[in-house]
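Single-structure report; data block below.
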Amino acid sequence: KLAASGNYSKLAASGNYSQLAASGYDSKLAASGNYSQLAASGNYSKLAASGNYSKLAASGNDSQLAASGYDSKLAASGNDSQLAASGYGSQLAASGNYSQLAASGKNSIAVCVGDCGSALVGEDGCIALAYWDSINERYRLVVGYVGEDGIEAGKFYKLNSDNKFIEC
């Protein structure tokens with residue numbers, strides 16, 4: 001278990017069942033063990049996990065999260081965050097505006113509930129992107145599935161002005 005509260009902290013764990021947490025800005029966290037859990041609350045944080053079942057979370061703006069293990073879960077709440085997972089069945093979620101999500105594994109899910117997000121998923125994946133409905137004054141989600149309505153695996157999509165998926 002590693003924890004850092006100062007700015008510019010760096011944390012690394014190679015053992016199984018590791019837990020890492022950093023609250024300072026510009027923190028860097030890395031875990032290669034299975035079942036690792038990483039969390040960072042500072043802006044510009046970078047989190048990476050290569051073990052299966054990893055869980056990564058960042059709340060700062062401009063954070064970067066990456067996981068290569070199967071069934072990884074990544075979440076970012078800051079604007080302009082970048083999330084990437086290559087494992088089968090990975091799940092990515094971002095609530096910040098202009099976030100980019102890439103889940104290249106089969107059966108992956110990418111959800112961005114912030115404005116102007118973009119997402120990529122793998123074979124049999126699912127994308128959900130939010131937009132502001134100014135007429136009804138509420139957010140709405142547009143959901144797309146690989147193999148339907150022209151959505152292809154391995155390509156980034158965003159919503160156009162008609163709130164339809166377009167490749168970007």
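Convention: chains lettered A, B, ... in structure tokens order; per-chain residue numbering from 1; ligands numbered from 1 as shown.
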Pick out the residues sitting within 6 Å of A:Asn34, and hand them over as a list in words; count only C-alpha atoms, and ignore anything fewer than 2 positions along from it in its own chain.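 In the requested format, the answer is Asn16, Ser36, Gly51 and Asn52 of chain A.
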Output N, CA and C atoms for every residue in that selection, as a short mmCIF file (atom, residue, chain, number, x, y, z; two decimals), in the first residue's frame.
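Resulting contents of part-v1.cif:
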```cif
data_model
loop_
_atom_site.label_atom_id
_atom_site.label_comp_id
_atom_site.auth_asym_id
_atom_site.auth_seq_id
_atom_site.Cartn_x
_atom_site.Cartn_y
_atom_site.Cartn_z
N ASN A 16 1.14 -8.16 -6.19
CA ASN A 16 -0.30 -8.37 -6.34
C ASN A 16 -1.05 -7.68 -5.21
N SER A 36 -4.69 -4.52 -8.59
CA SER A 36 -4.24 -3.24 -8.06
C SER A 36 -5.36 -2.21 -8.12
N GLY A 51 -1.85 -5.09 -14.59
CA GLY A 51 -2.43 -6.29 -14.02
C GLY A 51 -3.91 -6.42 -14.32
N ASN A 52 -4.40 -7.65 -14.29
CA ASN A 52 -5.82 -7.89 -14.50
C ASN A 52 -6.64 -7.31 -13.35
#
```
Within 7 Å of stretch 6-12 of chain A, which residues of stretch 19-61 of chain A come that close, and what is the closest atom pair and distance in Å for each? Count only C-alpha atoms and give it as a tab-separated table.
```
residue	atom	partner	partner_atom	distance
A:Leu20	CA	A:Leu11	CA	6.9
A:Ser23	CA	A:Gly6	CA	6.9
A:Gly24	CA	A:Asn7	CA	4.1
A:Tyr25	CA	A:Asn7	CA	4.8
A:Asp26	CA	A:Tyr8	CA	4.9
A:Ser27	CA	A:Ser9	CA	4.7
A:Lys28	CA	A:Lys10	CA	4.7
A:Leu29	CA	A:Leu11	CA	4.8
A:Ala30	CA	A:Ala12	CA	4.7
A:Ala31	CA	A:Ala12	CA	5.7
```
Contacts of A:Ser68 within 7 Å, only C-alpha atoms, excl. fewer than 4 positions in-chain, as a PyMOL selection string: chain A and resi 49-51+85-87
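Going from atom CA of A:Ala40 over to atom CA of A:Leu159, you cover 29.0 Å.
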Name the closest residue to A:Val142 among the candidates A:Gly33, A:Gly117, A:Gly154, A:Gly96; distances are taken between atoms, counting only C-alpha atoms. A:Gly117
List the neighbours of A:Gln19 out to 10 Å using only C-alpha atoms; skip same-chain residues closer than 6 positions along the sequence, and give me the result as a list in words.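 Residues near the query, excluding close chain neighbours: Lys1, Leu2, Ala3, Ala12, Ala13, Ala31, Gly33, Tyr35, Ser36, Gln37, Leu38, Ala39, Ser54 and Lys55 of chain A.
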For the residues selected in the previous step, produce a file with N, CA and C atoms as a short mmCIF file (atom, residue, chain, number, x, y, z; two decimals), in the first residue's frame.
```
data_model
loop_
_atom_site.label_atom_id
_atom_site.label_comp_id
_atom_site.auth_asym_id
_atom_site.auth_seq_id
_atom_site.Cartn_x
_atom_site.Cartn_y
_atom_site.Cartn_z
N LYS A 1 0.86 -1.18 0.00
CA LYS A 1 0.00 0.00 0.00
C LYS A 1 0.89 1.23 0.00
N LEU A 2 0.65 2.14 -0.93
CA LEU A 2 1.45 3.35 -1.03
C LEU A 2 0.51 4.55 -1.03
N ALA A 3 0.90 5.62 -0.39
CA ALA A 3 0.09 6.84 -0.37
C ALA A 3 1.01 8.05 -0.38
N ALA A 12 4.96 3.50 -7.20
CA ALA A 12 5.04 2.32 -8.04
C ALA A 12 4.88 1.07 -7.19
N ALA A 13 4.16 0.08 -7.68
CA ALA A 13 3.99 -1.17 -6.96
C ALA A 13 4.01 -2.32 -7.96
N ALA A 31 1.28 0.38 -11.39
CA ALA A 31 1.15 -0.90 -10.71
C ALA A 31 1.15 -2.01 -11.75
N GLY A 33 0.99 -5.40 -10.65
CA GLY A 33 0.39 -6.57 -10.02
C GLY A 33 -1.09 -6.68 -10.31
N TYR A 35 -5.05 -7.14 -9.52
CA TYR A 35 -5.99 -6.60 -8.53
C TYR A 35 -5.55 -5.27 -7.92
N SER A 36 -4.69 -4.52 -8.59
CA SER A 36 -4.24 -3.24 -8.06
C SER A 36 -5.36 -2.21 -8.12
N GLN A 37 -5.30 -1.23 -7.24
CA GLN A 37 -6.24 -0.12 -7.24
C GLN A 37 -5.43 1.16 -7.16
N LEU A 38 -5.67 2.11 -8.06
CA LEU A 38 -4.92 3.36 -8.11
C LEU A 38 -5.90 4.52 -8.05
N ALA A 39 -5.54 5.57 -7.35
CA ALA A 39 -6.40 6.76 -7.28
C ALA A 39 -5.53 8.00 -7.21
N SER A 54 -7.54 -4.38 -12.62
CA SER A 54 -7.10 -3.12 -12.03
C SER A 54 -8.24 -2.11 -12.03
N LYS A 55 -8.20 -1.19 -11.09
CA LYS A 55 -9.17 -0.11 -11.00
C LYS A 55 -8.39 1.18 -10.88
#
```
Just the residues within 6 Å of A:Asp71, please, counting only C-alpha atoms, with nothing from its chain fewer than 6 positions along; format it as a ChimeraX atom specification. /A:53,89-90
Output of the above residues as a tab-separated table (two decimals), in the first residue's frame, restricted to N, CA and C atoms:
```tsv
chain	number	residue	atom	x	y	z
A	53	TYR	N	-7.88	-6.94	-13.66
A	53	TYR	CA	-8.84	-6.43	-12.67
A	53	TYR	C	-8.40	-5.15	-11.98
A	89	GLY	N	-13.20	-6.68	-22.18
A	89	GLY	CA	-14.24	-6.35	-21.22
A	89	GLY	C	-13.96	-5.15	-20.35
A	90	SER	N	-13.04	-4.29	-20.75
A	90	SER	CA	-12.72	-3.11	-19.94
A	90	SER	C	-13.87	-2.11	-19.96
```
Which is closest to A:Ala58 among A:Gly78, A:Gly122, A:Gly150, A:Gly144, if we use only C-alpha atoms?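 Smallest distance to A:Ala58 is found for A:Gly78.
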Taking into account only C-alpha atoms, which residue in the set A:Asn97, A:Ser63, A:Ser81, A:Gln91 is nearest to A:Ile109?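 Nearest candidate to A:Ile109 out of A:Asn97, A:Ser63, A:Ser81, A:Gln91: A:Gln91.
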So that I can see what lies close to A:Leu74, please list as an NGL selection string the residues with an atom at most 6 Å from it, counting only C-alpha atoms and leaving out residues fewer than 5 positions away in the same chain. :A and (55-57 or 92)
Using the selection just defined, write its residues with N, CA and C atoms as a compact mmCIF listing (two decimals), in the first residue's frame.
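Ended up saving to out_29.txt:
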```txt
# COMPACT_ATOMS: atom_id res chain seq x y z
N LYS A 55 -8.20 -1.19 -11.09
CA LYS A 55 -9.17 -0.11 -11.00
C LYS A 55 -8.39 1.18 -10.88
N LEU A 56 -8.64 2.13 -11.78
CA LEU A 56 -7.93 3.40 -11.79
C LEU A 56 -8.96 4.53 -11.72
N ALA A 57 -8.67 5.54 -10.92
CA ALA A 57 -9.57 6.69 -10.81
C ALA A 57 -8.76 7.96 -10.66
N LEU A 92 -14.67 2.05 -19.24
CA LEU A 92 -14.12 3.39 -19.05
C LEU A 92 -15.26 4.37 -18.90
```
